[in-house]
Structure formats: structure tokens, C-alpha cells
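Take a look at the structure set out below.
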Number of protein chains: 2
Amino acid sequence: MTEVKKNYEDLEALFKPRSIAVLGVSENKYKIGYLQVKALLDGKFTGDIYPIHPSASEIAGLTCYPTLQDVPYDIDLVIFCVSANRVEAGIEACVEKKVKAAIIFAAGFSETSKEGIELQTRLTEVARENGIRIVGPNCVGLVNVSNGLIGTFSPAILTVPTDGQKGVGYVSQSGAFGVLTYMAAAQNGVSFNYFVSTGNEMESEFSDFAEYMIHDPNTNIISGYLEGAKNPEKLKSLAKEALDRNKPIIIMKTGRSTAGSRAAVSHTGSLAGSDKIYDAFFKQAGIVRADDYEDIISFSKLFQKDKLPTGKNTVIITSSGGRGINEADRCEAYGLNIIPLSSKTTSEIKRNVPSFASVSNPIDLTAAASVTNPELFLAPLKALVEDPEVDNIVFTEFSHSWTAESPLLQEFIKICNCSDKYVCITTFTLDGMSYPPATEELVINGIAVVPSHLNPIRGLSKLVEYGQYYRENQKNNETTDVESDKKYDVESLLTPGATLSEAQASEVLERYQIPTTTRMIAKTAEEAVEYANNIGYPVVLKVDSPDIPHKSEADAIRLNLTNDAEVKQAFHQIIANASHYKQNASINGVSIQEMLADGVEIIIGAHNDAVFGPVVMVGLGGIFVEIYKDISFRVAPILRKDALEMIDELKGKDILKGARGKAALDVDAIVDVLLKVSALVTDYKDSIEELDINPLIVYENGVKAADAMLVVKNKTDLIATIRG
Amino acid sequence: MTEVKKNYEDLEALFKPRSIAVLGVSENKYKIGYLQVKALLDGKFTGDIYPIHPSASEIAGLTCYPTLQDVPYDIDLVIFCVSANRVEAGIEACVEKKVKAAIIFAAGFSETSKEGIELQTRLTEVARENGIRIVGPNCVGLVNVSNGLIGTFSPAILTVPTDGQKGVGYVSQSGAFGVLTYMAAAQNGVSFNYFVSTGNEMESEFSDFAEYMIHDPNTNIISGYLEGAKNPEKLKSLAKEALDRNKPIIIMKTGRSTAGSRAAVSHTGSLAGSDKIYDAFFKQAGIVRADDYEDIISFSKLFQKDKLPTGKNTVIITSSGGRGINEADRCEAYGLNIIPLSSKTTSEIKRNVPSFASVSNPIDLTAAASVTNPELFLAPLKALVEDPEVDNIVFTEFSHSWTAESPLLQEFIKICNCSDKYVCITTFTLDGMSYPPATEELVINGIAVVPSHLNPIRGLSKLVEYGQYYRENQKNNETTDVESDKKYDVESLLTPGATLSEAQASEVLERYQIPTTTRMIAKTAEEAVEYANNIGYPVVLKVDSPDIPHKSEADAIRLNLTNDAEVKQAFHQIIANASHYKQNASINGVSIQEMLADGVEIIIGAHNDAVFGPVVMVGLGGIFVEIYKDISFRVAPILRKDALEMIDELKGKDILKGARGKAALDVDAIVDVLLKVSALVTDYKDSIEELDINPLIVYENGVKAADAMLVVKNKTDLIATIRG
């Protein structure tokens, strides 16, 4: 397949065509060919429209042409309102006419049959060779509200208001859900400036459209609905560009419940659900993950380019105790901190509010504030903007008597704008009562008003997350050496299709400078005793076999042996148990190892994800890894900050800090192993399928890999990797 | 304080008065005294209304009377529109006039000052002596939509529709939030038949009103907003009555984020946040906990008295792939199972839908179903009602072409009604498009239609939970012997104010037949050696001191000692370390104990909660208890089923099942200890403050308490308990 370097500027012909031809136009007012022309007219498209119809001379007041070639003008965009079997001829006509872009609605391509896949592949070739940018097929099209390009037959798009907040682009891998979100956003005051339903992503895919929007001066937020990323690497580098420009990317990724069905030998493989990897990827890339479609709307309303939340510390100001507690509960549920107020702030507020007000967090000014004494809203605000502990100030109600001109409102706005505190208003949703009269004035001045049905607190927590990404990106210049050559040569150890024994896997680790135990492989009981004496008592004996990755299950491991007799006996037992556990298992011998001192057990692993390639994992606590799934992932290669974040995400991280007066453990050494594992699985991403270091024992000084396993891809996997 | 047995039937005078007098009526149309009279008139109150005004002869067209005594008729209810300082005289007038009930709006009582508390206490005495039932003070009043009793000055109550679903009562500990919820419910099609804002709960409290509603034939669901339960025991017995009548109680309990600030010595005490205890209490009582106010509305819409969900297995039928995946994600987030379809069901559906439909779960019929071929909705329904694995069938969209008379709709309804499957429709919220035209017909026939902004999937998961409570209550006749005498005498061991040493605490456990280790207290190294030989090697040595509850922290514990020399050395070290750790610690000696075999470590504990009294806890995993907080609570006394549920709630419960081919552990023995601990802390609830058995070691057969601590209340606590 011809690989063409895509240029986002070419998408201009899709989003801002000077002229559009519509293929498959019909005189029947219920056919999409008619609906599409009507939508362009109703949307007041600012360019020329050429309906293509074999015989009609005029449709909906527009001059028709029998074919594309008959149009005497240049055509930028062709909208295909024809069925799948007529698309190929249409694309050929586009080539001849030097059309720059096309929207194809028809289903019946790669999603249906082998023939459909072949057709789609052929069309993609033709499009790429001729530089035609395509949305679809199997999609509902594209909208640009600024030029009236309603490039979709879906009449519902035109029923919603278009006077809401602009500057939010939206890319959707679901047509219907995309349209629903578009409409819901519009009804709630956010009019997406671009809407794209990507369909089968034949020629252009999700990240191509995101790239266009990132470079579009009128787009401030890039949002989307994603079922699966086709090009995560591109998405990641785009996300970095977006952060550099302070343009948040917020994506609703669905399919959380899709269980990883791939059979896996390692713990890492079995613990990695694709959803967790997406979570990790989004964090690494600095992409905000929307939990549901409301988050896109509330985030868009809350985002202020020049004032991002500085942290999670949140104070709630309410005029109803119940509303305040409710909102505080939501804050804690979504990871914001409801901080106790300092005594200075408390006394400052108390001096300026009546005694019946409750001055803790939430600050309850009682109904007086919203009914008779709106000036009460100002007193706590004045004190809170002076409090260095406070990041966010949330009003759950607002005065309904203040209008744009009210001096008190203007004072309120002035206080907000002279402060770096993030201030917003989250109202209770009631028909006709959700927005206070001063809403427009507040919004113009950068103070969002978001009613409860849009889940504003969850939206705020997403904004806080974005603020962290933004600041992190500003200060962080760490990069990975992605294109590094293979740092150490382990090629000869990676037999295709093999599951390496502990000894073999440990050798791979050693070459990457990861500390492992001292060990020797004994073939006989006598060798075992000799090696045990060489290593020094106490020792551990384990079967060494690529066919027995889970040695405890086979009862083929003996710990803390202190003399020759015990070693001899253990050797025989292990050989017997291993053979009994798996007949015909290939047994290299028994590994004699130093008995490691007690430490905290963690697991470090990696596996090759179908979408993201090599992925690194860290988990805590021996047998508890499987029970509590206290694990964290990142897509390799990782940075030092990623490794630190991975450890920080562990629920049980406090164990590493040294509980009950014990000394802290060597977190640097864990980070070091994570970075080395990341380098290893990145260098050998075409060979390594799965890797477990389990346990890695962590001490006050240093770590040691007490056991390891490694699965090498087999040849067919390798070929699949190259093809994919 | 006079304790009067309250009779819910007396509340009839509050909810269904034949006549109402309004105190503090004003001619000023902005005063609440006027607003209240107007609200009764606008609400079309069906009884008589007597405004009380010192001079006016008529207000709002009603005859006024100078005082209550001047009213020549009986008065059932008096509504106080006067300030706090005029309430006492008003109550005295009520007594004289033999008034049966009162609503008091005024603030300025127990919530403000010592004087307020005293005033409230006096008024409560008078009310109880004279059988006057009271709502408030410090509340927004009471509404009964069936007789037009708008017993509140809040004019907003009258602005919402009253034609929605009836049969839902609502009791609120927050006035403003209660009114907001009342209005939101009404705007979303649920008109609460009763609304009570309980205020300071001076004479009647939350559960009194709930009791009235449970016995009201027109109320099917009792809902509420709770900040703190005053009478949890009553609420629990009411909940049982409600379950017997199949009337769900659904309560939104806020204040999840309130950290337990009480200092605690035991792990159990420090791990018990009041919110977790509320969770446990609700489960024990069979009360559904609403996460937010939408849950009350969606639950009310979803509840069908004669068809409860039979389980969590849910199938989604959609006409938009994106919507289907989104709803499936929500199901898994809220604990419902998106089950794979059986091959029989799959092939049955496939025979009846076009090939482009996706027949997995979610079943995606594509836009064809909602646009051109609504009959497609029937095919999967027919197959799913025959599938014994399926409990719930959720349609995310519905035909907009079917009306009440459509034969296909009637067939749809018939299939639903002939099946025990729970069927509902959850639509996407868009203005004017959330409800399909056939909604009314569907709802009449027991098929709820709930749009997405009411979070219907969370509501459904709450309904599934209620179904479990209901079935459990039907089959379960287990009761606890709550009033049991003290089963075993441990009185002499419970020194007020003491923290018992391990040996002392273990003796308490032993008397309650809880297995503990064999142990003897040695005062000298020689005794230690002697006892070790009596018990048999290996042994454990631990300091025995009430002043050193955390022995590892003091390094005053030695495990696995195998000979006399080790014991002697350990004895001296322990004494030295303990004395060094805490100077002047009272040391009883060193406890010599059998060294227990390895097993799974759990913790069982109890503490005395300020609201609920004794509470029992179980947790998993030695040091991991604190890290992962994998714990479960129940209010004592517990039933066997509660103990089993507690264990079942542990995330790591699989460890007890015997991982990796190991034999299952003795869960019965854990249950047995939980029941004995429950009996102990119930019997001695006036003495025992905290109890930890940590660890309790669990084996294939039996359990053993390896360590224990117990904190006894001191005298002042005891007095507080008696007073409280």
C-alpha cells in the first residue's frame, strides 16, 4: 500500500471548500440526495453548490449537472449520496475532475465483507495517489458551522441552536452518538465549530482531523468520541503540540467493559485490559478522558484559556446546606479536595457575614444570600482569593437579583479577574431556573455557569487534570531516546515462540543491568550441594524449565535451605514434582540461588499490546497483585516522570515509604528497573511478547529480581507485527 | 424528658387536617404570613383556613380571627409564621385550643444557642405532654398534594406540574435541597404525594414521617434526604415493615466526605468512617441508598410493584452502536452484568434480524430500527424473554413512529407483560425528543421510559439491589436475640477506662468461646523457658502490657523461637525494648505463646459508633488492611447472613476460597467468630469501646486469634451513653 505523508492543510478542502458537488441527488424529498442539498441550503453554505443529476435541470432552485465533468467550475469537495456499488466510479470521476476531498456516507465496505474490504483498500490507494482527502465511508459526514457546511443528510443537526459557545471541535467514531452529542451540546450552549463522523476511517482517521483542528486558529478545544485509536503515536505527538498551544484534547473513550480476551501466560498480560492501557496512554499524552458526553460540554464551558485551576483544593460557597454537602460529596467522589479553611480565612469571613452563616467548607450563607442579601456572596470570595491554600472556588447558587449592570456583580467579577483562583458557578438544574440573569455577563468575563445535569464538578476535576498536564508540559523537557539502537544485544537469547525459563529470562535482565539473584543450574543433587556451598547458605532451589512458568503451582520450589542434606532432598523432590506436574516438560535442571532477605515484593512486567505495542506495568504485593489488582501501566518507552507517576498511582504506595517508623525503601531503584524494562521491550518490541519480574524484592538500598519469565513472539506473530 | 410512645396515626392531623389556622398572618403580600395563606388557597386546600391576625377582619378573602381561641371551630393544624420568640406563646395557645399538630418555620432554636436549645427542649416537653405533633422548627414545612395542603411559604413549590406519577413520599432533612428535589422530580414526571422538611426534628423526626408513609395506602415508595439518623433502630424496624409490604425506602444520605475525626486506638476504630457504617446499616436494613437526587426520580419511575428485577444480568438493545457501548459502560460502572448471549439466543435473534445488525450484547439493530423498521425491536425481545440467563432488557432507543394504538407496540407490551424479565427504555436526553410518542402507553403498562439525565442505569442498579432485599426478606426469617442477657460474664475483666493487654483481651474472647492461642505470662526469663517447654517449641514471645497496644512498633515481639537460649535472650530484649519504647509502661510480663502455623491473616474488630452503637468489622490481609482498606462493617447485632455478606464484600475474598489449587479455608469459623464478637459487643455495649482481633489466622479447619486488644469505656463515657 502506498504510504503517503498526510498534510493537515489538505483537509482545508474538506472543511472549507469553495465549491461542493453532491453526487446522487434526488428529486424525492425523503431521499438523502435531496436532504443533503437542502441541508447545505438551509445551513446557508457560503460556497457554490452543484447538484449532480442525470436528467433534472434544477433541484431546490439549484442548477443541476449530469456528471461531475459537466460542471464548468473547479470542485473542492464531492459529497457522495450514492450506495456503495457506485462509489468507485464516483471516485474515478473525482480523480478526473481533480476534486480535492470527498464525504462518503454509504455503508457496505470493510465493515461487512471480504469484497467490501477489498473495495475499500482499492479506493484508499486511488485517493492517496491522487491526494483526495476522504471522510468515511459508513459515516454521517461533517459540519463546519462557520461557513454553513452541513455536510450530512441528518436533518436533526439543523434543529438545534447555533448561537452557543464556539471554538470546540468534535471528532466522532460513532455517527449516531456523535450527532446526539452535537445536539446535546448545542442545546446546552456549546455549538461545536467542527463536527466529523469518521466512519470506517478509510483515508483519513481520527487523529488527522484532530491535527487539523489543533492548527485551526478558531479552535480552542479538541473533543471526540473514540472506540479505538488507529494511530496512537500520532495522537500522542499531536497531544504534545496541543499542550504547547494550550488547547485541551478531551476524548470520551468507550468500551471500558471490553474484557481482554487474549490468552496470556504472564501476570502482566492477564492483568492488562485494553481500557487500563488507554487510561495510561491518555495520562502519558496529556489527553483528558471524558467519562461521559456531558464532560465534553461541561469541560468546554469551564475551560478558560488564560486561567487554569492551579490544583485540587476546592472551597464551596452555598446558600443551601444540603446543596453544599451534596456538591462537596461530588468533589470528593471526583478527586477534588474539600479543604478545611485556615483560621485566618475563617475569621476574615466571619467578620463579614451574619452569625447564622456556617463558615466551614462548604460555606453556607443560608437562603439569605440568594433571596434577600446577595452581597453575602462577596464576603467569602474576598477572603478566599487571599488564601494561598485555595485553588478553586465553587458557588452552588448565585444571586437572581443581579443583572449585568449591578455594581455588586461588577465587583464580584472584578475580584475574580484580579485573582488567579479558578471561580465557577454550578447551579441546580430546574427548567427555566438553571441560569441566573447575570449568566451572560459572567461568562463573557470568564466565569462559567454550569447546571448540575452537565455534572460540572466532574467537569471541573477534568479541568484540574488538564491544568496539571499543561503545567507539566511547560516545565518538562525530558524526552525518551525512542529511536535508540538496541542498547544491549539479547537477540540470541530470544528464541522465537519460546517461553524462557527463569535462568534464561534472568540472563536477558542481567544484560540490561537489572539486578538478579546469584544462581547456578544443577543437573544432579551433587552439583546442587556443590553450588549451594559456593553461593553460601541459606539457598533456594527452583525447577528451571521453560514449560513450568508457575513454579509454586508445580510445588517445584524450596526456600531457606540451610544444609547439604536439605538441598539434596529438595533437589529430588523438585525434579519429581516437576515431572509429575507436567509430563515431558523440558527441564534444564534445578536453579540454586541465594536466599534473599525479606523486603517488599513488587511485580514489574511488560507485554505487547495490540494497539499500543510494548506496555510496562508495576504492581504491588506478591499474591496481592492478583487479588487487589494494585497495578499501573504506561506505554513504552517511558520517561522518568512516567515511572514516578506509575509508582505514585499504586494504592499501596505507602508501603514503600516505610510504614511504622521503618526506613523508606529504594524507590529510585524501582524507577531504574522500570526504565530498563521499558528500554528492553522497546528495543525488542518485535520479539518480546510478555515479561514478568515477579517478585522484584525492594530493600532500603537496591532491588533484586527474585524470579522472571519471558515469552518470545513466534514467527507468525512477527510477520503480523511487520504487516500491521 | 418525658418519653412518649409516638403513634404514626396521630400524624394524620399534620398530613390530613380538616382545618388549619395560620399564626402570624400579614397583609403585606411579601411576608411569609401572607404567602402561606395564599399557598393554601392556590393549592386548593380542601379543608377550612383560619388566618389569625390581631386586627384585620379579612385577608385574601378569608375571615380573620384575633387569636386561636377566637376561632369558633376545632383546629387540627396550626402553621406558625412567627419568629422564634413568639413560638412558645403560640404553643401554649395550641394546648388551650386542643390543637393536634403544628408546623413551625422559624429558625433560632437548637441550631443557634444555648437559649435556643433550652427553648426547644421546653417546647418539646409541652408538645409531648399534650400530644401535639410538630414539623420543625427551622424548616420549610410540609406538602400533601392530594388535599392541596401546601404547608409552606415557598412559592416555588406551586410553580411545578402536579400531574406526574403519584405514590412517592419524600422526607428531607434539608429544606432548600428538599424543595429543589421536589421541583426537579415534578418537572421530570414524579409528583411526590407527601413532602416534609423536618428541620430541627424537635418533636417528630425523619423516621416518624417515614412510618406514616409506610402505613399510607397511597404511598408505594418512601424516599428521603438524610444528613444524620436520630433513631436508626426505628428506621431499621420500619425498613423491615416496608419490605414486608414491598414498599422500597430509598434515601440520599449525604456527608460522605466527613472524615471520622474521633481519635481511635484500634485499627477498627480508625478505619470506621461514619459513611461506611451508614452504607452497612442501609444494606442490613434493606434500605436503598441513592447516590444523588436523580436516583430517587429514576428509581421511582423504574419501580414496578409486581415485577422486580430478578438479578444483575442485563442485555442492551440499541439502534446506535455508540449509545449501546456507552450504556454498557454505565452498566458495568454501576455493578450490572453485561452478559454474553447464549448461542441459542444469538441464533434465534439472527434468524429474525438483517445481517447488518450486530447480535452480541449490546445488540445493535442500527438506525434502521428507530427510523424505518421499528419491527426490528421485537425480534431480540422475543428471543431474550425465553433466555433463562437474562434478568433485565434495556432499550436505549425506541420507535418514534409507534403510537399507543400501533399493533406492533401492543405486541411489544404483551411480550413484556407475559414475561418475568424486567424491561425498560433509557433514552438520550434532548429537548423535546427524550420521550417517544408511545411513552404514556408504555408507562401505563409497566414499562418505564427514563431519559439519560436522570441516570437510569444507576437507577436500575438500585432497583436490582432492592429486588435482592425484597427476595431476601421474603425467604429470611432469621432474627437476632437482641434482648439477650449477657451471655457470658466478662464484667470483672472490663476495668473502666482501661486498654486491656493482649492476655486480658484474650481472656474476654475465650469466655465468649473464641479460639485463642495457648499462652502463659512469664515474669522472669526462667519462667519464660519453663513455659516455653510446657507449651512446646517453637514459641512466640510478646510483651504483655496495656500501655503497648502496638507491639511490633515497640519491637517487643519475637517469633519462631526454637530453644531455651533463644527464649531467654528474647525475654530480655523484649523487656528492654518495651521499657525503652514507653517509660513507665505497666508491664505484666512477657507472654509465651504457641507459634501458630501459617494461614491467611484477617482482622475482626468492633467499635462503638456515636450514631449506631456497636459495629462489627472484618478485614483481610495483615498489613494490607491499612493499605487497601479491604474491610466490611455491619451494625451489631448481626445475623449469620450479615456475616456471610461481610465476607462476601471483601475484594480479596478469593484468598479464602483457596488460590491455585489449595484447599478452601474455614469461612464458617470466621462467621462464627463474627457472631460471637457481635454478641460480646452487644452484651457489653455500655462498656466496650473498641476491640481488635488482629490477626485472626484462618486455616482449612478452624481459626485462631493470634493477638487481641480491647479498650473499655471510661466512666464519663458511660454516663454520656446513658444520657444520650
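Each chain in the C-alpha cells gets a letter, A, B, ..., in the order shown, and its residues are numbered from 1; ligands are numbered from 1 in order too.
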For this session: Write down as a PyMOL selection string the residues of region 269-411 of chain A whose backbone DSSP state falls under strand (DSSP E).
Result: chain A and resi 288-290+313-318+337-338+358-359+363-364+392-395
Written selection (N, CA and C atoms) as an mmCIF file, in the first residue's frame:
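Dumped everything to part_21.cif:
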```cif
data_model
loop_
_atom_site.group_PDB
_atom_site.id
_atom_site.type_symbol
_atom_site.label_atom_id
_atom_site.label_comp_id
_atom_site.auth_asym_id
_atom_site.auth_seq_id
_atom_site.Cartn_x
_atom_site.Cartn_y
_atom_site.Cartn_z
ATOM 1 N N VAL A 288 -7.219 14.527 28.196
ATOM 2 C CA VAL A 288 -8.228 14.368 29.236
ATOM 3 C C VAL A 288 -9.232 13.310 28.772
ATOM 4 N N ARG A 289 -9.540 12.379 29.650
ATOM 5 C CA ARG A 289 -10.521 11.355 29.297
ATOM 6 C C ARG A 289 -11.881 11.725 29.865
ATOM 7 N N ALA A 290 -12.854 11.924 28.975
ATOM 8 C CA ALA A 290 -14.225 12.213 29.428
ATOM 9 C C ALA A 290 -14.879 10.905 29.848
ATOM 10 N N ASN A 313 -7.495 21.899 45.445
ATOM 11 C CA ASN A 313 -8.089 22.412 46.679
ATOM 12 C C ASN A 313 -9.293 23.306 46.387
ATOM 13 N N THR A 314 -10.446 22.871 46.851
ATOM 14 C CA THR A 314 -11.689 23.487 46.433
ATOM 15 C C THR A 314 -12.510 23.931 47.638
ATOM 16 N N VAL A 315 -13.083 25.120 47.518
ATOM 17 C CA VAL A 315 -13.994 25.608 48.554
ATOM 18 C C VAL A 315 -15.360 25.826 47.914
ATOM 19 N N ILE A 316 -16.395 25.411 48.602
ATOM 20 C CA ILE A 316 -17.754 25.555 48.088
ATOM 21 C C ILE A 316 -18.473 26.637 48.872
ATOM 22 N N ILE A 317 -19.140 27.514 48.138
ATOM 23 C CA ILE A 317 -19.955 28.545 48.765
ATOM 24 C C ILE A 317 -21.389 28.288 48.344
ATOM 25 N N THR A 318 -22.258 28.150 49.328
ATOM 26 C CA THR A 318 -23.623 27.741 49.035
ATOM 27 C C THR A 318 -24.612 28.607 49.797
ATOM 28 N N ASN A 337 -10.242 18.140 46.429
ATOM 29 C CA ASN A 337 -10.118 18.206 47.886
ATOM 30 C C ASN A 337 -11.011 19.293 48.464
ATOM 31 N N ILE A 338 -11.877 18.913 49.378
ATOM 32 C CA ILE A 338 -12.628 19.908 50.143
ATOM 33 C C ILE A 338 -11.773 20.221 51.362
ATOM 34 N N SER A 358 -22.740 29.531 58.143
ATOM 35 C CA SER A 358 -21.835 28.499 58.633
ATOM 36 C C SER A 358 -20.504 28.611 57.890
ATOM 37 N N VAL A 359 -19.465 29.017 58.633
ATOM 38 C CA VAL A 359 -18.184 29.297 57.988
ATOM 39 C C VAL A 359 -17.216 28.136 58.156
ATOM 40 N N ILE A 363 -19.064 26.662 52.747
ATOM 41 C CA ILE A 363 -19.509 27.871 53.436
ATOM 42 C C ILE A 363 -20.990 28.061 53.127
ATOM 43 N N ASP A 364 -21.827 27.999 54.164
ATOM 44 C CA ASP A 364 -23.279 28.086 53.948
ATOM 45 C C ASP A 364 -23.773 29.466 54.360
ATOM 46 N N ASN A 392 -9.649 26.469 43.879
ATOM 47 C CA ASN A 392 -10.925 26.629 43.185
ATOM 48 C C ASN A 392 -12.017 27.089 44.145
ATOM 49 N N ILE A 393 -12.847 28.002 43.662
ATOM 50 C CA ILE A 393 -13.979 28.483 44.459
ATOM 51 C C ILE A 393 -15.248 28.203 43.654
ATOM 52 N N VAL A 394 -16.113 27.389 44.236
ATOM 53 C CA VAL A 394 -17.316 26.964 43.515
ATOM 54 C C VAL A 394 -18.549 27.519 44.220
ATOM 55 N N PHE A 395 -19.335 28.307 43.502
ATOM 56 C CA PHE A 395 -20.615 28.779 44.027
ATOM 57 C C PHE A 395 -21.709 27.826 43.545
#
```
Each residue of chain B lying at most 6 Å from chain A should get a row with its shortest atom-to-atom pair and the distance in Å to one decimal, counting only C-alpha atoms; could you produce that, ordered by chain and increasing number, as JSON lines?
```
{"residue": "B:Ser174", "atom": "CA", "partner": "A:Gly322", "partner_atom": "CA", "distance": 5.4}
{"residue": "B:Ala176", "atom": "CA", "partner": "A:Ser320", "partner_atom": "CA", "distance": 5.7}
{"residue": "B:Phe177", "atom": "CA", "partner": "A:Gly322", "partner_atom": "CA", "distance": 5.2}
{"residue": "B:Ala184", "atom": "CA", "partner": "A:Leu430", "partner_atom": "CA", "distance": 6.0}
{"residue": "B:Gly255", "atom": "CA", "partner": "A:Ile325", "partner_atom": "CA", "distance": 5.9}
{"residue": "B:Arg256", "atom": "CA", "partner": "A:Asp329", "partner_atom": "CA", "distance": 5.8}
{"residue": "B:Ser257", "atom": "CA", "partner": "A:Asp329", "partner_atom": "CA", "distance": 5.7}
{"residue": "B:Ser320", "atom": "CA", "partner": "A:Ala176", "partner_atom": "CA", "distance": 5.8}
{"residue": "B:Gly322", "atom": "CA", "partner": "A:Phe177", "partner_atom": "CA", "distance": 5.3}
{"residue": "B:Arg323", "atom": "CA", "partner": "A:Phe177", "partner_atom": "CA", "distance": 5.8}
{"residue": "B:Ile325", "atom": "CA", "partner": "A:Gly255", "partner_atom": "CA", "distance": 5.9}
{"residue": "B:Asp329", "atom": "CA", "partner": "A:Ser257", "partner_atom": "CA", "distance": 5.7}
{"residue": "B:Leu430", "atom": "CA", "partner": "A:Ala184", "partner_atom": "CA", "distance": 6.0}
{"residue": "B:Ile627", "atom": "CA", "partner": "A:Gly652", "partner_atom": "CA", "distance": 5.3}
{"residue": "B:Gly652", "atom": "CA", "partner": "A:Ile627", "partner_atom": "CA", "distance": 5.3}
```
For this session: For Val353 (chain A), list every protein, DNA or RNA residue within 7 Å, evaluated using only C-alpha atoms, and leave out those in the same chain fewer than 4 positions away; present the list as a list of chain:residue names.
Result: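 Counting only C-alpha atoms, the residues come to A:Ile349, A:Ala357, A:Leu376, A:Ala379.
Non-sequential neighbours of Lys236 (chain B) (distance at most 12 Å, separation of 2 or more positions within a chain, only C-alpha atoms) are B:Ser207, B:Ala210, B:Glu211, B:Ala229, B:Lys230, B:Asn231, B:Pro232, B:Glu233, B:Lys234, B:Leu238, B:Ala239, B:Lys240, B:Glu241, B:Ala242, B:Leu243, B:Ile249, B:Tyr278, B:Ala280, B:Phe281, B:Phe282, B:Lys283, B:Gln284, B:Ala285, B:Gly286, B:Ile287, B:Phe612, B:Val635.
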For this session: For Ile134 (chain B), work out the shell of residues within 8 Å, counting only C-alpha atoms and skipping chain neighbours fewer than 3 positions away, then give it as number ranges by chain.
Result: B: 14, 101-104, 127, 202-204
Hey, can you spit out that residue selection with C-alpha atoms as a tab-separated table (two decimals), in the first residue's frame?
```tsv
chain	number	residue	atom	x	y	z
B	14	LEU	CA	-50.45	17.04	60.11
B	101	ALA	CA	-50.48	19.44	65.13
B	102	ALA	CA	-48.22	22.34	64.21
B	103	ILE	CA	-45.72	23.41	61.59
B	104	ILE	CA	-43.03	25.81	62.82
B	127	ALA	CA	-45.85	19.17	72.81
B	202	MET	CA	-37.92	18.77	67.71
B	203	GLU	CA	-40.89	16.51	68.35
B	204	SER	CA	-41.17	14.34	65.22
```
Exercise. Skipping near chain neighbours, those fewer than 3 positions away, what residues fall within 8 Å of Ser586 (chain A) using only C-alpha atoms, listed as JSON, numbers by chain?
Worked result: {"A": [545, 546, 547]}
Exercise. Counting only C-alpha atoms, what is within 9 Å of Ala708 (chain A), bar same-chain residues fewer than 5 positions away, as a PyMOL selection string?
Worked result: chain A and resi 500-506+509+549+691-696
For this session: Looking only at alpha helix (DSSP H) from DSSP on the backbone, list the matching residues of region 369-558 of chain B as a PyMOL selection string.
Result: chain B and resi 369-371+378-384+407-417+439-444+456-475+502-511+525-535
Exercise. Suppose you want the space between CA of Glu649 (chain B) and CA of Thr310 (chain B); what is it in Å?
Worked result: 20.2 Å
Problem set entry | Nearest to Glu465 (chain B), chosen from B:Ala525, B:Ala565, B:Leu308, B:Val712, with only C-alpha atoms counted in the distances |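 Smallest separation from Glu465 (chain B) among the options: B:Leu308.
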For this session: Go ahead and compute the interatomic distance for CA of Tyr73 (chain A) and CA of Leu149 (chain A), in Å to one decimal.
Result: 18.8 Å
Problem set entry | Distance criterion (only C-alpha atoms): nearest to Leu463 (chain A) out of A:Glu12, A:Asp208, A:Asp295, A:Glu700 |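 Nearest to Leu463 (chain A): A:Asp295.
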Problem set entry | Separation of CA of Lys685 (chain B) from CA of Ala706 (chain B) in Å | 23.9 Å
